[in-house]
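This report concerns only the one structure given below.
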Amino acid sequence: MPNPPKIVHHYGADEAELKHIFKDKNLMKMNITNMLQKGMMTLAFMVIPIIMFKEFGFEKKELWMVYLPAMICGVLAMAPSAILGEKKHKAKEMLMIGIVFFGISYVMMGYAKSAPWFIVGVVLFFIGFNIHEPLMQSMASKYAKIHQKGAALGVFNSFGYAGTFVGGVFGGFFLQHFGIMEIAWVMFIACILWLFLIATLHNPSINKNLYLPFETIDLTRVLHLSHVKGIIEWYRNESEQLLIIKYDSQLTDKKTILAVLE
């Protein structure tokens, strides 16, 4: 394995602490998103076979009729999601589309009067889930600063595990005391609130990185970057002799940044 580059962080180095990660609104929105997604997944995997057995008379050996088309459609949804989300910079929009699929799928499963309609609901759920999968961790890492990434992704995954627990407990309680229709409505309302949460998420494609060789800039003026509105962070890659600047492209631009460093 090659040696990792030597990174020297100059701006916001004290923000590596966990309290700063919990204060970051975008990171917290992604943490909640991971918790909701994993919770709905656990809930679905618990509810689907029970409903298929009790309501539609399926046997264990017949469950492939539900899971196979759902798996195929879900896998096929991953590639367009990754392309549109990463290459076309539509990650936020893809998350919202996935949430819409979640909401519709639970309503269809909750109100299905026949096995084919229930299976369609399951397929839609898997499509929504797999739309999210190629983007979630990547988006969370984009909001974290370079020195926060390990801690930020640790918190992100912990929220996911919490969601797995809550989804199972919630699903078991509601299925025992109420029914699939009540679960469907709670999930539908949760999806509406979730959509509003993602709508307020800062689009990560707005953030840009600028890579400047040391010999092309005046390093003695680097600290002046702290006065430029829109600068998110900067750090030095000593191994490759580069200054890397992350900035909000809606608030500043390359020309403004270079003018500070001349």
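Here's how to read the names in the structure tokens: chain A, B, ... by the order shown, residue numbers from 1 in each chain, ligand numbers from 1 in the order shown.
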What's the 8 Å shell around segment 189-205 of chain A, counting only C-alpha atoms, without same-chain residues fewer than 2 positions away, as an mmCIF file with C-alpha atoms, in the first residue's frame?
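Contents of the output file out_9.cif:
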```cif
data_model
loop_
_atom_site.group_PDB
_atom_site.id
_atom_site.type_symbol
_atom_site.label_atom_id
_atom_site.label_comp_id
_atom_site.auth_asym_id
_atom_site.auth_seq_id
_atom_site.Cartn_x
_atom_site.Cartn_y
_atom_site.Cartn_z
ATOM 1 C CA ASN A 26 -26.200 18.802 6.910
ATOM 2 C CA LYS A 29 -29.804 15.472 8.256
ATOM 3 C CA THR A 33 -31.779 9.922 6.744
ATOM 4 C CA HIS A 89 -24.765 16.064 -9.381
ATOM 5 C CA LYS A 90 -28.397 15.173 -8.607
ATOM 6 C CA ALA A 91 -27.766 13.294 -5.350
ATOM 7 C CA LYS A 92 -30.242 15.365 -3.348
ATOM 8 C CA LEU A 95 -32.700 10.899 -2.293
ATOM 9 C CA MET A 96 -36.080 12.601 -2.593
ATOM 10 C CA ILE A 99 -38.301 8.643 -0.332
ATOM 11 C CA VAL A 100 -41.306 8.971 -2.665
ATOM 12 C CA PHE A 102 -40.777 4.414 0.126
ATOM 13 C CA GLY A 103 -44.017 6.267 0.847
ATOM 14 C CA MET A 139 -22.985 12.247 0.562
ATOM 15 C CA LYS A 142 -18.848 15.144 1.358
ATOM 16 C CA TYR A 143 -20.323 17.230 4.154
ATOM 17 C CA TRP A 185 -49.947 5.465 7.326
ATOM 18 C CA VAL A 186 -47.265 6.110 9.949
ATOM 19 C CA MET A 187 -44.569 5.389 7.333
ATOM 20 C CA ASN A 207 -19.143 22.591 -2.907
ATOM 21 C CA LYS A 208 -16.010 22.633 -5.073
#
```
Closest-contact table, segment 96-174 of chain A side, partner segment 79-88 of chain A, 9 Å, counting only C-alpha atoms, as JSON lines:
```
{"residue": "A:Asn130", "atom": "CA", "partner": "A:Ser81", "partner_atom": "CA", "distance": 8.2}
{"residue": "A:Ile131", "atom": "CA", "partner": "A:Ser81", "partner_atom": "CA", "distance": 5.3}
{"residue": "A:His132", "atom": "CA", "partner": "A:Ser81", "partner_atom": "CA", "distance": 7.6}
{"residue": "A:Glu133", "atom": "CA", "partner": "A:Ser81", "partner_atom": "CA", "distance": 8.8}
{"residue": "A:Pro134", "atom": "CA", "partner": "A:Ala82", "partner_atom": "CA", "distance": 5.7}
{"residue": "A:Leu135", "atom": "CA", "partner": "A:Ala82", "partner_atom": "CA", "distance": 6.7}
{"residue": "A:Ser138", "atom": "CA", "partner": "A:Glu86", "partner_atom": "CA", "distance": 8.9}
```
Could you go through segment 91-258 of chain A and tell me which residues DSSP, when run on the backbone, assigns to strand (DSSP E or B), listing them as a CSV table (one decimal) with C-alpha atoms, in the first residue's frame?
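Below is the file result-v4.csv, written as the result:
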```csv
chain,number,residue,atom,x,y,z
A,207,ASN,CA,-19.1,22.6,-2.9
A,208,LYS,CA,-16.0,22.6,-5.1
A,209,ASN,CA,-12.4,21.8,-4.5
A,210,LEU,CA,-9.5,23.9,-5.7
A,211,TYR,CA,-6.0,22.3,-6.0
A,212,LEU,CA,-3.1,24.8,-6.1
A,213,PRO,CA,0.6,23.8,-6.3
A,231,ILE,CA,-14.5,29.1,2.2
A,232,ILE,CA,-15.4,25.8,4.0
A,233,GLU,CA,-11.9,24.5,4.7
A,234,TRP,CA,-8.3,24.4,3.4
A,235,TYR,CA,-5.4,22.1,4.1
A,236,ARG,CA,-1.9,21.4,2.8
A,237,ASN,CA,-0.9,18.1,1.2
A,242,LEU,CA,-0.6,21.1,-2.9
A,243,LEU,CA,-2.9,23.5,-1.1
A,244,ILE,CA,-6.5,22.2,-1.3
A,245,ILE,CA,-9.3,24.6,-0.8
A,246,LYS,CA,-13.0,23.6,-0.4
A,247,TYR,CA,-15.5,26.3,-1.0
A,248,ASP,CA,-19.2,27.0,-1.7
```
Query raised in the report: From the set A:Ile119, A:Val260, A:Phe214, A:Met71, which residue has the shortest atom-to-atom contact distance to His227 of chain A, counting only C-alpha atoms?
Result: A:Val260
So which residues touch Cys73 of chain A within 12 Å, counting only C-alpha atoms, skipping near sequence neighbours fewer than 3 positions away, as a PDB file with C-alpha atoms, in the first residue's frame?
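File around-v9.pdb, as written:
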```
ATOM      1  CA  VAL A  66     -41.758 -11.744  -4.025  1.00  0.00           C
ATOM      2  CA  TYR A  67     -38.054 -11.233  -3.434  1.00  0.00           C
ATOM      3  CA  LEU A  68     -36.675 -12.144  -6.871  1.00  0.00           C
ATOM      4  CA  PRO A  69     -38.468  -9.428  -8.894  1.00  0.00           C
ATOM      5  CA  ALA A  70     -37.895  -6.958  -6.055  1.00  0.00           C
ATOM      6  CA  LEU A  76     -31.306  -2.175 -11.845  1.00  0.00           C
ATOM      7  CA  ALA A  77     -32.192   1.068 -10.015  1.00  0.00           C
ATOM      8  CA  MET A  78     -28.707   1.405  -8.507  1.00  0.00           C
ATOM      9  CA  ALA A  79     -26.825   2.289 -11.707  1.00  0.00           C
ATOM     10  CA  PRO A  80     -29.082   5.196 -12.796  1.00  0.00           C
ATOM     11  CA  ILE A 119     -45.682  -7.651  -4.569  1.00  0.00           C
ATOM     12  CA  VAL A 120     -45.719  -4.408  -6.590  1.00  0.00           C
ATOM     13  CA  VAL A 122     -42.479  -4.669  -2.252  1.00  0.00           C
ATOM     14  CA  VAL A 123     -40.790  -4.040  -5.617  1.00  0.00           C
ATOM     15  CA  LEU A 124     -41.260  -0.272  -5.230  1.00  0.00           C
ATOM     16  CA  PHE A 125     -39.750  -0.435  -1.750  1.00  0.00           C
ATOM     17  CA  PHE A 126     -36.635  -2.205  -3.014  1.00  0.00           C
ATOM     18  CA  ILE A 127     -36.291   0.302  -5.857  1.00  0.00           C
ATOM     19  CA  GLY A 128     -36.443   3.200  -3.379  1.00  0.00           C
ATOM     20  CA  PHE A 129     -33.968   1.526  -1.045  1.00  0.00           C
ATOM     21  CA  ASN A 130     -31.466   0.820  -3.831  1.00  0.00           C
ATOM     22  CA  ILE A 131     -31.774   4.360  -5.181  1.00  0.00           C
TER      23      ILE A 131
END
```
Requested in this report: Excluding Val222 of chain A and residues on its chain fewer than 2 positions from it, collect all residues at most 10 Å away from it, counting only C-alpha atoms, and give them as a ChimeraX atom specification.
Outcome: /A:10-11,217-220,224-226,234-235,243,257,260-262
File dump, residues just selected, C-alpha atoms, as a PDB file, in the first residue's frame:
```pdb
ATOM      1  CA  HIS A  10      -5.029  24.996   8.970  1.00  0.00           C
ATOM      2  CA  TYR A  11      -8.664  26.036   9.089  1.00  0.00           C
ATOM      3  CA  ILE A 217       0.706  30.887  -4.829  1.00  0.00           C
ATOM      4  CA  ASP A 218       1.985  32.978  -1.932  1.00  0.00           C
ATOM      5  CA  LEU A 219       1.733  30.632   1.064  1.00  0.00           C
ATOM      6  CA  THR A 220       2.274  33.510   3.496  1.00  0.00           C
ATOM      7  CA  HIS A 224      -6.303  35.528   4.665  1.00  0.00           C
ATOM      8  CA  LEU A 225      -8.641  32.842   3.276  1.00  0.00           C
ATOM      9  CA  SER A 226     -10.450  32.832   6.623  1.00  0.00           C
ATOM     10  CA  TRP A 234      -8.334  24.401   3.432  1.00  0.00           C
ATOM     11  CA  TYR A 235      -5.418  22.111   4.101  1.00  0.00           C
ATOM     12  CA  LEU A 243      -2.935  23.541  -1.145  1.00  0.00           C
ATOM     13  CA  ILE A 257      -9.691  32.876  -4.035  1.00  0.00           C
ATOM     14  CA  VAL A 260      -6.282  36.518  -2.085  1.00  0.00           C
ATOM     15  CA  LEU A 261      -3.269  34.252  -2.571  1.00  0.00           C
ATOM     16  CA  GLU A 262      -1.357  36.396  -5.056  1.00  0.00           C
TER      17      GLU A 262
END
```
